[in-house]
file protein.txt (compact mmCIF, C-alpha atoms)
# COMPACT_ATOMS: atom_id res chain seq x y z
CA SER A 230 -14.39 31.76 -3.86
CA ASN A 231 -15.23 29.06 -1.33
CA LEU A 232 -13.10 26.47 -3.13
CA LYS A 233 -10.00 27.16 -1.06
CA VAL A 234 -8.17 24.00 -2.15
CA LEU A 235 -8.95 24.23 -5.88
CA LYS A 236 -5.79 23.66 -7.93
CA PHE A 237 -6.99 23.55 -11.54
CA LEU A 238 -9.51 25.92 -13.14
CA ASN A 239 -10.58 25.68 -16.80
CA VAL A 240 -12.95 28.34 -18.14
CA ASP A 241 -12.06 28.00 -21.83
CA SER A 242 -14.42 29.10 -24.60
CA ASN A 243 -16.86 31.25 -22.68
CA LYS A 244 -17.62 34.98 -22.94
CA LEU A 245 -15.51 36.28 -20.08
CA THR A 246 -14.69 40.00 -20.29
CA PRO A 247 -12.42 42.25 -18.19
CA GLY A 248 -13.41 42.18 -14.54
CA THR A 249 -15.09 38.77 -14.61
CA MET A 250 -12.02 36.90 -13.32
CA ALA A 251 -11.72 38.75 -9.99
CA VAL A 252 -12.74 35.69 -8.01
CA ILE A 253 -9.48 33.83 -8.72
CA SER A 254 -7.74 36.08 -6.19
CA SER A 255 -9.64 34.08 -3.56
CA LEU A 256 -8.20 30.72 -4.66
CA PRO A 257 -4.89 30.46 -2.76
CA LYS A 258 -4.05 26.91 -3.91
CA LEU A 259 -4.60 27.51 -7.64
CA LYS A 260 -1.81 26.03 -9.77
CA SER A 261 -3.27 26.15 -13.28
CA LEU A 262 -5.56 28.69 -14.94
CA SER A 263 -6.88 28.06 -18.44
CA ALA A 264 -9.02 30.85 -19.91
CA ASN A 265 -8.46 30.42 -23.64
CA ASN A 266 -10.98 31.66 -26.19
CA ASN A 267 -12.66 34.39 -24.16
CA GLN A 268 -12.92 38.18 -24.46
CA LEU A 269 -10.63 39.31 -21.64
CA GLY A 270 -8.89 41.92 -23.79
CA SER A 271 -11.92 43.80 -25.03
CA ILE A 272 -15.28 44.95 -23.75
CA ILE A 273 -18.13 43.86 -25.99
CA SER A 274 -21.46 45.57 -25.43
CA PRO A 275 -24.50 43.27 -25.65
CA GLN A 276 -26.42 46.21 -27.17
CA THR A 277 -24.12 46.44 -30.19
CA ALA A 278 -26.13 46.17 -33.41
CA PRO A 279 -25.24 43.24 -35.70
CA ASN A 280 -23.89 45.54 -38.46
CA ALA A 281 -22.19 48.09 -36.19
CA PRO A 282 -18.38 48.43 -36.22
CA LYS A 283 -16.65 46.13 -33.78
CA THR A 284 -15.46 47.66 -30.53
CA LYS A 285 -11.70 48.18 -30.56
CA PRO A 286 -9.73 46.30 -27.89
CA VAL A 287 -8.81 48.32 -24.81
CA ALA A 288 -5.82 47.94 -22.53
CA PRO A 289 -7.02 45.18 -20.17
CA ALA A 290 -5.92 46.60 -16.84
CA ASP A 291 -8.56 44.39 -15.26
CA ALA A 292 -8.35 41.42 -17.64
CA LEU A 293 -7.07 39.59 -14.55
CA PRO A 294 -7.30 40.79 -10.94
CA PRO A 295 -4.40 42.85 -9.50
CA SER A 296 -3.32 39.98 -7.27
CA LEU A 297 -3.01 36.40 -8.53
CA PRO A 298 -2.40 33.21 -6.50
CA LYS A 299 1.34 33.04 -5.79
CA GLY A 300 1.56 29.33 -6.62
CA LEU A 301 0.33 29.57 -10.22
CA LYS A 302 2.47 27.42 -12.49
CA THR A 303 0.41 27.58 -15.70
CA ILE A 304 -1.55 30.45 -17.27
CA LEU A 305 -3.23 29.91 -20.65
CA LEU A 306 -4.81 33.00 -22.25
CA SER A 307 -4.82 32.19 -25.96
CA ASN A 308 -7.29 34.02 -28.22
CA ASN A 309 -8.50 36.77 -25.88
CA ALA A 310 -7.87 39.91 -28.00
CA LEU A 311 -5.25 41.05 -25.48
CA PRO A 312 -3.32 44.11 -26.75
CA VAL A 313 -0.94 43.91 -23.76
CA ILE A 314 -0.02 41.29 -21.19
CA PRO A 315 -2.25 41.65 -18.10
CA LYS A 316 -0.32 43.69 -15.54
CA SER A 317 -0.90 41.23 -12.71
CA ILE A 318 1.20 38.60 -14.51
CA LEU A 319 4.31 40.78 -14.69
CA GLU A 320 3.75 43.60 -12.24
CA GLY A 321 1.29 42.24 -9.69
CA THR A 322 1.37 42.81 -5.96
CA SER A 323 2.47 39.17 -5.57
CA PRO A 324 5.17 38.23 -8.13
CA LEU A 325 4.52 34.91 -9.88
CA LYS A 326 7.77 33.27 -8.83
CA MET A 327 6.46 29.77 -9.62
CA LEU A 328 5.04 30.36 -13.12
CA GLU A 329 6.46 27.81 -15.57
CA LYS A 330 4.17 27.97 -18.62
CA LEU A 331 2.54 31.02 -20.22
CA ASP A 332 0.43 30.87 -23.38
CA LEU A 333 -0.44 34.25 -24.93
CA SER A 334 -0.90 33.03 -28.50
CA SER A 335 -3.50 34.43 -30.89
CA ASN A 336 -3.77 37.83 -29.23
CA LEU A 337 -2.94 41.40 -30.32
CA LEU A 338 0.45 41.87 -28.68
CA THR A 339 2.80 44.30 -30.41
CA PHE A 340 5.56 44.33 -27.78
CA LEU A 341 6.84 42.54 -24.70
CA PRO A 342 7.62 44.75 -21.70
CA GLU A 343 10.99 44.59 -19.97
CA THR A 344 9.17 43.12 -16.96
CA ILE A 345 8.93 39.78 -18.81
CA GLY A 346 12.28 39.11 -17.11
CA THR A 347 10.57 38.84 -13.70
CA LEU A 348 9.15 35.38 -14.49
CA LEU A 349 12.26 33.59 -13.29
CA LYS A 350 10.78 30.06 -13.35
CA LEU A 351 9.26 30.36 -16.83
CA ASN A 352 10.35 27.51 -19.11
CA ASP A 353 7.64 27.52 -21.81
CA LEU A 354 6.43 30.72 -23.52
CA ASN A 355 3.98 30.67 -26.44
CA LEU A 356 3.57 33.95 -28.36
CA ASP A 357 2.31 32.58 -31.68
CA ASP A 358 -0.01 34.65 -33.87
CA ASN A 359 0.61 38.11 -32.46
CA ALA A 360 2.22 41.21 -34.03
CA LEU A 361 5.57 41.23 -32.25
CA GLN A 362 8.54 42.80 -34.02
CA ARG A 363 11.24 42.21 -31.40
CA LEU A 364 11.93 40.90 -27.90
CA PRO A 365 13.44 42.94 -25.04
CA ALA A 366 16.93 42.24 -23.70
CA SER A 367 15.40 41.35 -20.33
CA ILE A 368 14.23 38.04 -21.77
CA GLY A 369 17.79 36.95 -21.08
CA LYS A 370 16.90 36.89 -17.38
CA LEU A 371 14.69 33.83 -17.91
CA LYS A 372 17.23 31.28 -16.72
CA GLN A 373 14.75 28.39 -17.06
CA LEU A 374 13.40 29.19 -20.55
CA LYS A 375 13.73 26.18 -22.85
CA VAL A 376 10.72 26.50 -25.19
CA LEU A 377 9.78 29.67 -27.08
CA SER A 378 7.26 29.80 -29.92
CA LEU A 379 6.97 32.96 -32.05
CA ARG A 380 5.19 31.65 -35.12
CA ARG A 381 3.42 34.09 -37.40
CA ASN A 382 4.59 37.35 -35.87
CA LYS A 383 6.34 40.28 -37.60
CA ILE A 384 9.93 39.61 -36.62
CA ALA A 385 12.31 40.77 -39.34
CA LEU A 386 16.06 41.43 -39.37
CA THR A 387 16.67 44.96 -38.09
CA ASP A 388 19.38 46.91 -36.31
CA PRO A 389 19.53 46.32 -33.38
CA GLN A 390 18.69 42.69 -33.95
CA PRO A 391 15.09 41.74 -33.04
CA LEU A 392 16.09 38.67 -31.02
CA PRO A 393 18.66 39.96 -28.53
CA GLU A 394 22.01 38.33 -27.87
CA GLU A 395 20.89 37.78 -24.27
CA LEU A 396 18.21 35.34 -25.48
CA TRP A 397 20.75 33.16 -27.25
CA LYS A 398 23.51 33.25 -24.61
CA ASN A 399 21.86 33.75 -21.21
CA THR A 400 18.93 31.33 -21.38
CA PRO A 401 18.92 27.53 -21.80
CA LEU A 402 16.63 27.87 -24.84
CA ILE A 403 16.74 24.86 -27.14
CA ASP A 404 13.32 24.79 -28.85
CA LEU A 405 12.49 27.92 -30.86
CA ASN A 406 9.88 28.19 -33.62
CA LEU A 407 9.92 31.24 -35.92
CA HIS A 408 7.78 29.87 -38.74
CA GLY A 409 5.77 32.52 -40.56
CA ASN A 410 7.96 35.52 -39.74
CA PRO A 411 9.43 37.78 -42.48
CA MET A 412 12.96 36.51 -42.00
CA THR A 413 15.18 33.82 -43.53
CA THR A 414 17.46 31.22 -42.01
CA THR A 415 20.42 33.06 -43.55
CA GLN A 416 19.45 36.25 -41.73
CA LEU A 417 18.95 34.34 -38.50
CA ASN A 418 22.50 33.01 -38.75
CA THR A 419 23.90 36.55 -38.74
CA MET A 420 22.56 37.40 -35.27
CA ASP A 421 25.06 37.86 -32.46
CA GLY A 422 24.90 34.93 -30.05
CA TYR A 423 23.05 32.57 -32.39
CA GLU A 424 25.99 30.16 -32.52
CA ALA A 425 25.69 29.56 -28.77
CA PHE A 426 22.06 28.57 -29.28
CA LEU A 427 22.94 26.20 -32.11
CA ALA A 428 25.60 24.53 -30.01
CA ARG A 429 23.05 23.75 -27.28
CA ARG A 430 20.61 22.31 -29.80
CA ARG A 431 23.23 20.07 -31.35
CA GLU A 432 24.02 18.64 -27.92
CA VAL A 433 20.44 17.41 -27.53
CA LYS A 434 19.83 16.50 -31.16
CA ASN A 435 19.60 12.80 -30.39
CA LYS A 436 17.80 13.15 -27.07
CA ASP A 437 14.04 13.10 -26.85
CA ILE A 438 13.89 15.60 -23.96
CA LEU A 439 11.10 17.63 -25.57
CA GLY A 440 8.93 14.79 -26.81
CA GLY A 441 10.15 15.07 -30.37
CA ALA A 442 9.25 18.76 -30.70
CA MET A 443 12.61 19.66 -32.18
CA THR A 444 12.08 18.63 -35.80
CA ASP A 445 14.00 21.50 -37.42
CA LEU A 446 17.27 21.99 -35.60
CA GLU A 447 18.97 24.53 -37.81
CA GLY A 448 16.30 26.85 -39.20
CA CYS A 449 13.77 27.22 -36.36
CA GLY A 450 10.98 26.87 -38.91
CA LEU A 451 12.38 29.48 -41.32
CA GLU A 452 13.25 28.89 -44.95

call {"tool": "encode", "arguments": {"input": "protein.txt", "output": "structure tokens"}}
result
Amino acid sequence: SNLKVLKFLNVDSNKLTPGTMAVISSLPKLKSLSANNNQLGSIISPQTAPNAPKTKPVAPADALPPSLPKGLKTILLSNNALPVIPKSILEGTSPLKMLEKLDLSSNLLTFLPETIGTLLKLNDLNLDDNALQRLPASIGKLKQLKVLSLRRNKIALTDPQPLPEELWKNTPLIDLNLHGNPMTTTQLNTMDGYEAFLARRREVKNKDILGGAMTDLEGCGLE
């Protein structure tokens, strides 16, 4: 807490549990937080016997402190057994108006709250390897969103459509990966607004603006 000018903090691959990250509220200059491969979404008792049933994840109201540094631009929380997004990211006392990159891959997320639309600077969102079935319409408020990865979730064609028209038309999204979801390219093509997304991708087809990440322009990783 004495490191008042610290900008980058990496605590990957430790055994951090809910409540252990409270100190970051005291780091006003923090720009990047990387806490991948921890246990922030579940409380694991050190007294648990080796053969005892695993403790079920609990809603991590204190996975991160209630107030986060306002200048955070990157938050990486992959593989933390998070069943929900920590409240302080979306509903904190100090909105994260500068957040550009959020990695919540390999967690236990089953839904995204409407408050995802508060991250107005977000341009890169990784939700791979969760259990999401749809996205909320408020994702259309992310006017900077260009990269969205949803690999290996549970997104299937339903009514209403699981990827809202607002995503396709109201964001500048051009790099989307849906590999490993129970949906086909043909079904994807039937979604309202999808043509607007394809038109944007075709415009940048020959431009290396994402470092060559756009290898499958038409199918977004689907067959």

call {"tool": "residues_around", "arguments": {"input": "protein.txt", "residues": "region 366-368 of chain A", "least_positions_apart": "4", "cutoff": "10 Å", "atoms": "all atoms listed in the file", "output": "MDAnalysis selection string"}}
result
chainID A and resid 341:349 372 374 391:397 399:400

call {"tool": "residues_around", "arguments": {"input": "protein.txt", "residues": "region 357-360 of chain A", "least_positions_apart": "6", "cutoff": "9 Å", "atoms": "all atoms listed in the file", "output": "ChimeraX atom specification"}}
result
/A:332-340,378-384,406-407

call {"tool": "closest_residue", "arguments": {"input": "protein.txt", "among": "A:Val313, A:Leu269, A:Leu402, A:Leu259", "to": "Gly300 (chain A)", "atoms": "all atoms listed in the file"}}
result
A:Leu259

call {"tool": "residues_around", "arguments": {"input": "protein.txt", "residues": "Ser323 (chain A)", "least_positions_apart": "6", "cutoff": "10 Å", "atoms": "all atoms listed in the file", "output": "CSV table (one decimal) with C-alpha atoms, keeping the file's coordinate frame"}}
result
chain,number,residue,atom,x,y,z
A,295,PRO,CA,-4.4,42.8,-9.5
A,296,SER,CA,-3.3,40.0,-7.3
A,297,LEU,CA,-3.0,36.4,-8.5
A,298,PRO,CA,-2.4,33.2,-6.5
A,299,LYS,CA,1.3,33.0,-5.8
A,300,GLY,CA,1.6,29.3,-6.6
A,317,SER,CA,-0.9,41.2,-12.7

call {"tool": "atom_distance", "arguments": {"input": "protein.txt", "atom1": "CA of Arg429 (chain A)", "atom2": "CA of Ile403 (chain A)"}}
result
6.4 Å

call {"tool": "residues_around", "arguments": {"input": "protein.txt", "residues": "Thr414 (chain A)", "least_positions_apart": "3", "cutoff": "12 Å", "atoms": "all atoms listed in the file", "output": "ChimeraX atom specification"}}
result
/A:385-386,406-411,417-420,423,445-452

call {"tool": "write_last_selection", "arguments": {"input": "protein.txt", "atoms": "C-alpha atoms", "output": "PDB file, keeping the file's coordinate frame"}}
result
ATOM      1  CA  ALA A 385      12.310  40.770 -39.340  1.00  0.00           C
ATOM      2  CA  LEU A 386      16.060  41.430 -39.370  1.00  0.00           C
ATOM      3  CA  ASN A 406       9.880  28.190 -33.620  1.00  0.00           C
ATOM      4  CA  LEU A 407       9.920  31.240 -35.920  1.00  0.00           C
ATOM      5  CA  HIS A 408       7.780  29.870 -38.740  1.00  0.00           C
ATOM      6  CA  GLY A 409       5.770  32.520 -40.560  1.00  0.00           C
ATOM      7  CA  ASN A 410       7.960  35.520 -39.740  1.00  0.00           C
ATOM      8  CA  PRO A 411       9.430  37.780 -42.480  1.00  0.00           C
ATOM      9  CA  LEU A 417      18.950  34.340 -38.500  1.00  0.00           C
ATOM     10  CA  ASN A 418      22.500  33.010 -38.750  1.00  0.00           C
ATOM     11  CA  THR A 419      23.900  36.550 -38.740  1.00  0.00           C
ATOM     12  CA  MET A 420      22.560  37.400 -35.270  1.00  0.00           C
ATOM     13  CA  TYR A 423      23.050  32.570 -32.390  1.00  0.00           C
ATOM     14  CA  ASP A 445      14.000  21.500 -37.420  1.00  0.00           C
ATOM     15  CA  LEU A 446      17.270  21.990 -35.600  1.00  0.00           C
ATOM     16  CA  GLU A 447      18.970  24.530 -37.810  1.00  0.00           C
ATOM     17  CA  GLY A 448      16.300  26.850 -39.200  1.00  0.00           C
ATOM     18  CA  CYS A 449      13.770  27.220 -36.360  1.00  0.00           C
ATOM     19  CA  GLY A 450      10.980  26.870 -38.910  1.00  0.00           C
ATOM     20  CA  LEU A 451      12.380  29.480 -41.320  1.00  0.00           C
ATOM     21  CA  GLU A 452      13.250  28.890 -44.950  1.00  0.00           C
TER      22      GLU A 452
END

call {"tool": "closest_residue", "arguments": {"input": "protein.txt", "among": "A:Ala292, A:Leu325, A:Leu306, A:Leu319", "to": "Lys260 (chain A)", "atoms": "all atoms listed in the file"}}
result
A:Leu325

call {"tool": "atom_distance", "arguments": {"input": "protein.txt", "atom1": "CA of Asn308 (chain A)", "atom2": "CA of Val240 (chain A)"}}
result
12.9 Å

call {"tool": "decode", "arguments": {"input": "protein.txt", "residues": "region 289-368 of chain A", "atoms": "C-alpha atoms", "output": "short mmCIF file (atom, residue, chain, number, x, y, z; two decimals), in the first residue's frame"}}
result
data_model
loop_
_atom_site.label_atom_id
_atom_site.label_comp_id
_atom_site.auth_asym_id
_atom_site.auth_seq_id
_atom_site.Cartn_x
_atom_site.Cartn_y
_atom_site.Cartn_z
CA PRO A 289 -17.30 -13.27 -5.03
CA ALA A 290 -18.63 -10.02 -3.61
CA ASP A 291 -15.15 -9.43 -2.23
CA ALA A 292 -13.12 -11.05 -5.03
CA LEU A 293 -11.90 -7.49 -5.61
CA PRO A 294 -12.28 -4.53 -3.24
CA PRO A 295 -15.38 -2.29 -3.58
CA SER A 296 -13.29 0.56 -4.97
CA LEU A 297 -10.67 0.07 -7.68
CA PRO A 298 -8.09 2.58 -8.98
CA LYS A 299 -9.90 4.85 -11.46
CA GLY A 300 -7.06 4.71 -13.99
CA LEU A 301 -7.06 0.94 -14.52
CA LYS A 302 -6.76 0.13 -18.22
CA THR A 303 -6.20 -3.64 -18.02
CA ILE A 304 -7.71 -6.28 -15.73
CA LEU A 305 -6.79 -9.95 -16.27
CA LEU A 306 -8.70 -12.48 -14.14
CA SER A 307 -8.52 -15.68 -16.17
CA ASN A 308 -8.99 -19.02 -14.37
CA ASN A 309 -10.30 -17.83 -10.99
CA ALA A 310 -13.52 -19.89 -10.65
CA LEU A 311 -15.55 -16.67 -10.83
CA PRO A 312 -19.30 -17.40 -11.11
CA VAL A 313 -20.04 -13.68 -11.64
CA ILE A 314 -18.04 -10.63 -12.62
CA PRO A 315 -16.71 -8.88 -9.49
CA LYS A 316 -19.10 -6.05 -8.67
CA SER A 317 -16.38 -3.43 -8.37
CA ILE A 318 -15.58 -3.77 -12.08
CA LEU A 319 -19.10 -2.91 -13.21
CA GLU A 320 -20.81 -1.35 -10.22
CA GLY A 321 -18.00 0.06 -8.09
CA THR A 322 -18.02 3.35 -6.24
CA SER A 323 -15.55 4.67 -8.84
CA PRO A 324 -16.60 3.67 -12.40
CA LEU A 325 -13.73 2.30 -14.49
CA LYS A 326 -14.01 4.85 -17.27
CA MET A 327 -10.49 4.07 -18.57
CA LEU A 328 -10.67 0.26 -18.73
CA GLU A 329 -9.66 -0.96 -22.20
CA LYS A 330 -8.96 -4.69 -21.77
CA LEU A 331 -10.81 -7.24 -19.63
CA ASP A 332 -9.95 -10.95 -19.55
CA LEU A 333 -12.47 -13.18 -17.76
CA SER A 334 -11.69 -16.39 -19.63
CA SER A 335 -11.75 -19.83 -18.02
CA ASN A 336 -14.19 -18.94 -15.26
CA LEU A 337 -17.74 -20.05 -14.39
CA LEU A 338 -19.76 -17.20 -15.87
CA THR A 339 -23.29 -18.08 -16.98
CA PHE A 340 -24.46 -14.55 -17.82
CA LEU A 341 -23.28 -11.00 -18.38
CA PRO A 342 -25.13 -8.29 -16.45
CA GLU A 343 -26.61 -5.28 -18.22
CA THR A 344 -24.00 -3.17 -16.42
CA ILE A 345 -21.35 -4.46 -18.86
CA GLY A 346 -22.40 -1.42 -20.90
CA THR A 347 -20.78 0.93 -18.35
CA LEU A 348 -17.25 0.10 -19.55
CA LEU A 349 -17.31 2.75 -22.25
CA LYS A 350 -13.59 2.56 -23.13
CA LEU A 351 -13.47 -1.24 -23.38
CA ASN A 352 -12.01 -2.41 -26.69
CA ASP A 353 -10.90 -5.99 -25.90
CA LEU A 354 -13.12 -8.48 -24.01
CA ASN A 355 -12.13 -12.13 -23.54
CA LEU A 356 -14.88 -14.48 -22.29
CA ASP A 357 -13.50 -17.79 -23.56
CA ASP A 358 -14.23 -21.03 -21.70
CA ASN A 359 -17.24 -19.98 -19.66
CA ALA A 360 -20.90 -21.13 -19.80
CA LEU A 361 -22.50 -18.10 -21.44
CA GLN A 362 -25.66 -18.63 -23.49
CA ARG A 363 -26.30 -15.05 -24.62
CA LEU A 364 -25.13 -11.44 -24.32
CA PRO A 365 -27.26 -8.53 -23.07
CA ALA A 366 -28.40 -5.74 -25.38
CA SER A 367 -26.38 -3.26 -23.32
CA ILE A 368 -23.20 -4.59 -24.90
#
